[in-house]
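Please read the structure below before turning to the comments.
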Amino acid sequence: MSRETEKERWRRNFADLLQELRVAQTGVQILFAFLLTLPFSNGFPDVTPFQKDVYVVALLAAAAATAMIISPVAFHRALFRLGRKPQLVRFAHRMATGGLAFMLIAMVSSVLLITDFILPRTVAFVLTAATGVWFLVFWVILPFATRMTDEDDGDEENEREEVNPPPR
């Protein structure tokens, strides 16, 4: 079995990260577009001040998520062909992580906005809390719990190489 070079590993890591960002980017752009059009719908003038505040939080969080998730593209353009793939991968990783955090806020705020509009506030809070926990389970708890296990799934050697590359 041939071992990949450090340069190949950075290229692979960047390609993997781009695939992840494509999925997140589509979701956050759809949510952002929905939030941008919401004030122009017929029922929006009837929202309460609380709902307007929740809307602003959701809108700004979606905007922040969009900016962070798309920012690796601009960073790549600035560093194109300068041989700085490791720096690009580290930056893109941080932006993807931050973008997902803001996306979580935007999603949960959007759920609160809609449920508070159509249901009693207590029910809206319960459903929103459940939604927040649901996202945290799948986006934070399960990934980190899996990371912490000692189970060997066959990729352990490759994963460790990514974090601690062998000396050259």
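Convention: chains lettered A, B, ... in structure tokens order; per-chain residue numbering from 1; ligands numbered from 1 as shown.
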
Residues within 12 Å of A:Pro49, please, as a PyMOL selection string. Count only C-alpha atoms; anything in the same chain fewer than 4 positions from it doesn't count. chain A and resi 44-45+53-56+113+116-117

Could you write out the selected residues, including N, CA, C and O atoms, as a PDB file, in the first residue's frame?
```
ATOM      1  N   PHE A  44     -46.697  38.638   8.033  1.00  0.00           N
ATOM      2  CA  PHE A  44     -45.602  39.164   8.849  1.00  0.00           C
ATOM      3  C   PHE A  44     -45.980  40.402   9.666  1.00  0.00           C
ATOM      4  O   PHE A  44     -45.516  40.530  10.802  1.00  0.00           O
ATOM      5  N   PRO A  45     -46.797  41.297   9.163  1.00  0.00           N
ATOM      6  CA  PRO A  45     -47.160  42.455   9.995  1.00  0.00           C
ATOM      7  C   PRO A  45     -47.864  42.073  11.301  1.00  0.00           C
ATOM      8  O   PRO A  45     -47.898  42.855  12.243  1.00  0.00           O
ATOM      9  N   ASP A  53     -38.050  39.963  17.210  1.00  0.00           N
ATOM     10  CA  ASP A  53     -36.703  39.804  17.774  1.00  0.00           C
ATOM     11  C   ASP A  53     -36.104  38.448  17.403  1.00  0.00           C
ATOM     12  O   ASP A  53     -34.933  38.351  17.026  1.00  0.00           O
ATOM     13  N   VAL A  54     -36.922  37.397  17.500  1.00  0.00           N
ATOM     14  CA  VAL A  54     -36.455  36.052  17.127  1.00  0.00           C
ATOM     15  C   VAL A  54     -36.110  36.026  15.641  1.00  0.00           C
ATOM     16  O   VAL A  54     -35.106  35.436  15.234  1.00  0.00           O
ATOM     17  N   TYR A  55     -36.931  36.692  14.832  1.00  0.00           N
ATOM     18  CA  TYR A  55     -36.653  36.770  13.394  1.00  0.00           C
ATOM     19  C   TYR A  55     -35.296  37.423  13.128  1.00  0.00           C
ATOM     20  O   TYR A  55     -34.510  36.929  12.318  1.00  0.00           O
ATOM     21  N   VAL A  56     -35.014  38.523  13.811  1.00  0.00           N
ATOM     22  CA  VAL A  56     -33.730  39.218  13.616  1.00  0.00           C
ATOM     23  C   VAL A  56     -32.574  38.307  14.005  1.00  0.00           C
ATOM     24  O   VAL A  56     -31.556  38.244  13.299  1.00  0.00           O
ATOM     25  N   LEU A 113     -39.461  30.865  15.836  1.00  0.00           N
ATOM     26  CA  LEU A 113     -40.279  31.883  15.167  1.00  0.00           C
ATOM     27  C   LEU A 113     -41.576  31.282  14.629  1.00  0.00           C
ATOM     28  O   LEU A 113     -42.669  31.785  14.884  1.00  0.00           O
ATOM     29  N   ASP A 116     -43.825  29.651  17.467  1.00  0.00           N
ATOM     30  CA  ASP A 116     -44.449  30.673  18.304  1.00  0.00           C
ATOM     31  C   ASP A 116     -45.570  31.387  17.555  1.00  0.00           C
ATOM     32  O   ASP A 116     -46.531  31.854  18.162  1.00  0.00           O
ATOM     33  N   PHE A 117     -45.458  31.449  16.248  1.00  0.00           N
ATOM     34  CA  PHE A 117     -46.493  32.096  15.425  1.00  0.00           C
ATOM     35  C   PHE A 117     -47.764  31.251  15.356  1.00  0.00           C
ATOM     36  O   PHE A 117     -48.869  31.785  15.333  1.00  0.00           O
TER      37      PHE A 117
END
```

Distance table requested - stretch 86-114 of chain A against stretch 67-75 of chain A, cut-off 12 Å, only C-alpha atoms: one row per qualifying residue with the closest atom pair and its distance in Å to one decimal, ordered by chain and rising residue number, as JSON lines.
```
{"residue": "A:Gln87", "atom": "CA", "partner": "A:Phe75", "partner_atom": "CA", "distance": 9.7}
{"residue": "A:Leu88", "atom": "CA", "partner": "A:Phe75", "partner_atom": "CA", "distance": 7.0}
{"residue": "A:Val89", "atom": "CA", "partner": "A:Pro72", "partner_atom": "CA", "distance": 8.6}
{"residue": "A:Arg90", "atom": "CA", "partner": "A:Pro72", "partner_atom": "CA", "distance": 10.0}
{"residue": "A:Phe91", "atom": "CA", "partner": "A:Pro72", "partner_atom": "CA", "distance": 7.2}
{"residue": "A:Ala92", "atom": "CA", "partner": "A:Pro72", "partner_atom": "CA", "distance": 5.1}
{"residue": "A:His93", "atom": "CA", "partner": "A:Pro72", "partner_atom": "CA", "distance": 8.8}
{"residue": "A:Arg94", "atom": "CA", "partner": "A:Met68", "partner_atom": "CA", "distance": 8.8}
{"residue": "A:Met95", "atom": "CA", "partner": "A:Met68", "partner_atom": "CA", "distance": 5.1}
{"residue": "A:Ala96", "atom": "CA", "partner": "A:Ile69", "partner_atom": "CA", "distance": 5.4}
{"residue": "A:Thr97", "atom": "CA", "partner": "A:Ile69", "partner_atom": "CA", "distance": 8.6}
{"residue": "A:Gly98", "atom": "CA", "partner": "A:Met68", "partner_atom": "CA", "distance": 6.7}
{"residue": "A:Gly99", "atom": "CA", "partner": "A:Met68", "partner_atom": "CA", "distance": 5.0}
{"residue": "A:Leu100", "atom": "CA", "partner": "A:Ile69", "partner_atom": "CA", "distance": 7.9}
{"residue": "A:Ala101", "atom": "CA", "partner": "A:Met68", "partner_atom": "CA", "distance": 10.0}
{"residue": "A:Phe102", "atom": "CA", "partner": "A:Met68", "partner_atom": "CA", "distance": 8.8}
{"residue": "A:Met103", "atom": "CA", "partner": "A:Ile69", "partner_atom": "CA", "distance": 9.5}
```

When you look at stretch 129-131 of chain A with a cut-off of 10 Å (counting only C-alpha atoms), what residues show up, excluding the ones that are within fewer than 4 positions of it in the same chain? I need them as a PDB file with C-alpha atoms, in the first residue's frame.
```
ATOM      1  CA  LEU A 104     -27.584  25.860  14.448  1.00  0.00           C
ATOM      2  CA  MET A 107     -32.285  26.817  12.503  1.00  0.00           C
ATOM      3  CA  VAL A 108     -33.380  26.794  16.124  1.00  0.00           C
ATOM      4  CA  SER A 109     -34.421  30.467  15.985  1.00  0.00           C
ATOM      5  CA  VAL A 111     -38.197  26.897  14.522  1.00  0.00           C
ATOM      6  CA  LEU A 112     -39.000  29.154  17.484  1.00  0.00           C
ATOM      7  CA  VAL A 123     -45.467  24.561  23.283  1.00  0.00           C
ATOM      8  CA  ALA A 124     -43.207  26.585  20.966  1.00  0.00           C
ATOM      9  CA  PHE A 125     -40.472  26.706  23.634  1.00  0.00           C
ATOM     10  CA  PHE A 135     -29.332  19.223  16.410  1.00  0.00           C
ATOM     11  CA  LEU A 136     -26.781  19.095  19.235  1.00  0.00           C
ATOM     12  CA  VAL A 137     -27.044  15.306  19.403  1.00  0.00           C
TER      13      VAL A 137
END
```

Surrounding residues of A:Phe14 excluding itself and chain neighbours under 3 positions, 9 Å, only C-alpha atoms, as a list in words: Arg9, Trp10, Arg11, Leu17, Leu18, Gln19, Lys85, Pro86, Leu88, Val89 and Ala92 of chain A

Of the candidates A:Ala78, A:Leu38, A:Ala106, A:Val23, which one gets nearest to A:Val57 if we count only C-alpha atoms?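 Looking at the shortest contact to A:Val57, the residue is A:Ala106.
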
Can you list every residue in stretch 78-150 of chain A that DSSP puts in alpha helix (DSSP H), as JSON, numbers by chain? {"A": [78, 79, 85, 86, 87, 88, 89, 90, 91, 92, 93, 94, 95, 96, 97, 98, 99, 100, 101, 102, 103, 104, 105, 106, 107, 108, 109, 110, 111, 112, 113, 114, 115, 116, 117, 118, 121, 122, 123, 124, 125, 126, 127, 128, 129, 130, 131, 132, 133, 134, 135, 136, 142, 143, 144, 145, 146, 147, 148]}

Contacts of A:Val28 within 8 Å, only C-alpha atoms, excl. fewer than 3 positions in-chain, as a PyMOL selection string: chain A and resi 24-25+31-32+62+65-66+103

Keeping only all heavy atoms, write the selected residues as a PDB file, in the first residue's frame.
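Final output, saved to result.pdb:
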```pdb
ATOM      1  N   ALA A  24     -23.556  21.979   3.464  1.00  0.00           N
ATOM      2  CA  ALA A  24     -23.961  23.019   4.422  1.00  0.00           C
ATOM      3  C   ALA A  24     -24.366  24.300   3.704  1.00  0.00           C
ATOM      4  O   ALA A  24     -25.333  24.967   4.096  1.00  0.00           O
ATOM      5  CB  ALA A  24     -22.823  23.297   5.401  1.00  0.00           C
ATOM      6  N   GLN A  25     -23.660  24.644   2.650  1.00  0.00           N
ATOM      7  CA  GLN A  25     -23.929  25.879   1.920  1.00  0.00           C
ATOM      8  C   GLN A  25     -25.333  25.872   1.334  1.00  0.00           C
ATOM      9  O   GLN A  25     -26.060  26.863   1.426  1.00  0.00           O
ATOM     10  CB  GLN A  25     -22.898  26.057   0.820  1.00  0.00           C
ATOM     11  CG  GLN A  25     -23.064  27.307   0.004  1.00  0.00           C
ATOM     12  CD  GLN A  25     -22.018  27.419  -1.097  1.00  0.00           C
ATOM     13  OE1 GLN A  25     -21.163  26.556  -1.257  1.00  0.00           O
ATOM     14  NE2 GLN A  25     -22.088  28.475  -1.856  1.00  0.00           N
ATOM     15  N   LEU A  31     -32.297  28.456   3.804  1.00  0.00           N
ATOM     16  CA  LEU A  31     -32.843  29.080   5.008  1.00  0.00           C
ATOM     17  C   LEU A  31     -32.735  30.598   4.936  1.00  0.00           C
ATOM     18  O   LEU A  31     -33.687  31.318   5.245  1.00  0.00           O
ATOM     19  CB  LEU A  31     -32.125  28.555   6.255  1.00  0.00           C
ATOM     20  CG  LEU A  31     -32.553  29.194   7.577  1.00  0.00           C
ATOM     21  CD1 LEU A  31     -34.036  28.969   7.842  1.00  0.00           C
ATOM     22  CD2 LEU A  31     -31.701  28.657   8.716  1.00  0.00           C
ATOM     23  N   PHE A  32     -31.583  31.090   4.516  1.00  0.00           N
ATOM     24  CA  PHE A  32     -31.370  32.536   4.419  1.00  0.00           C
ATOM     25  C   PHE A  32     -32.355  33.166   3.430  1.00  0.00           C
ATOM     26  O   PHE A  32     -32.954  34.205   3.704  1.00  0.00           O
ATOM     27  CB  PHE A  32     -29.920  32.812   4.016  1.00  0.00           C
ATOM     28  CG  PHE A  32     -29.492  34.249   4.151  1.00  0.00           C
ATOM     29  CD1 PHE A  32     -29.861  35.021   5.242  1.00  0.00           C
ATOM     30  CD2 PHE A  32     -28.686  34.829   3.189  1.00  0.00           C
ATOM     31  CE1 PHE A  32     -29.447  36.349   5.369  1.00  0.00           C
ATOM     32  CE2 PHE A  32     -28.261  36.149   3.303  1.00  0.00           C
ATOM     33  CZ  PHE A  32     -28.650  36.916   4.397  1.00  0.00           C
ATOM     34  N   ALA A  62     -28.246  33.360  10.196  1.00  0.00           N
ATOM     35  CA  ALA A  62     -28.173  32.773   8.848  1.00  0.00           C
ATOM     36  C   ALA A  62     -27.178  33.549   7.985  1.00  0.00           C
ATOM     37  O   ALA A  62     -26.427  32.958   7.200  1.00  0.00           O
ATOM     38  CB  ALA A  62     -29.550  32.744   8.195  1.00  0.00           C
ATOM     39  N   ALA A  65     -23.726  32.547   9.181  1.00  0.00           N
ATOM     40  CA  ALA A  65     -23.421  31.193   8.712  1.00  0.00           C
ATOM     41  C   ALA A  65     -23.082  31.194   7.229  1.00  0.00           C
ATOM     42  O   ALA A  65     -22.116  30.547   6.798  1.00  0.00           O
ATOM     43  CB  ALA A  65     -24.609  30.262   8.986  1.00  0.00           C
ATOM     44  N   THR A  66     -23.852  31.925   6.450  1.00  0.00           N
ATOM     45  CA  THR A  66     -23.599  32.011   5.010  1.00  0.00           C
ATOM     46  C   THR A  66     -22.221  32.596   4.745  1.00  0.00           C
ATOM     47  O   THR A  66     -21.449  32.061   3.937  1.00  0.00           O
ATOM     48  CB  THR A  66     -24.687  32.869   4.331  1.00  0.00           C
ATOM     49  OG1 THR A  66     -25.967  32.272   4.573  1.00  0.00           O
ATOM     50  CG2 THR A  66     -24.452  32.975   2.843  1.00  0.00           C
ATOM     51  N   MET A 103     -25.354  28.318  11.939  1.00  0.00           N
ATOM     52  CA  MET A 103     -26.463  27.644  11.271  1.00  0.00           C
ATOM     53  C   MET A 103     -27.379  26.993  12.314  1.00  0.00           C
ATOM     54  O   MET A 103     -28.608  27.034  12.171  1.00  0.00           O
ATOM     55  CB  MET A 103     -25.940  26.597  10.292  1.00  0.00           C
ATOM     56  CG  MET A 103     -26.970  26.045   9.360  1.00  0.00           C
ATOM     57  SD  MET A 103     -26.125  25.028   8.132  1.00  0.00           S
ATOM     58  CE  MET A 103     -27.488  24.482   7.165  1.00  0.00           C
TER      59      MET A 103
END
```

Of the residues A:Glu20, A:Ser110, A:Met148, A:Gln29, which is the one nearest to A:Gly132, using only C-alpha atoms? A:Ser110

Restricting the calculation to only C-alpha atoms, which member of A:Ile30, A:Leu36, A:Ala63, A:Val47 is positioned closest to A:Thr115?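 Distance minimum relative to A:Thr115 lands on A:Val47.
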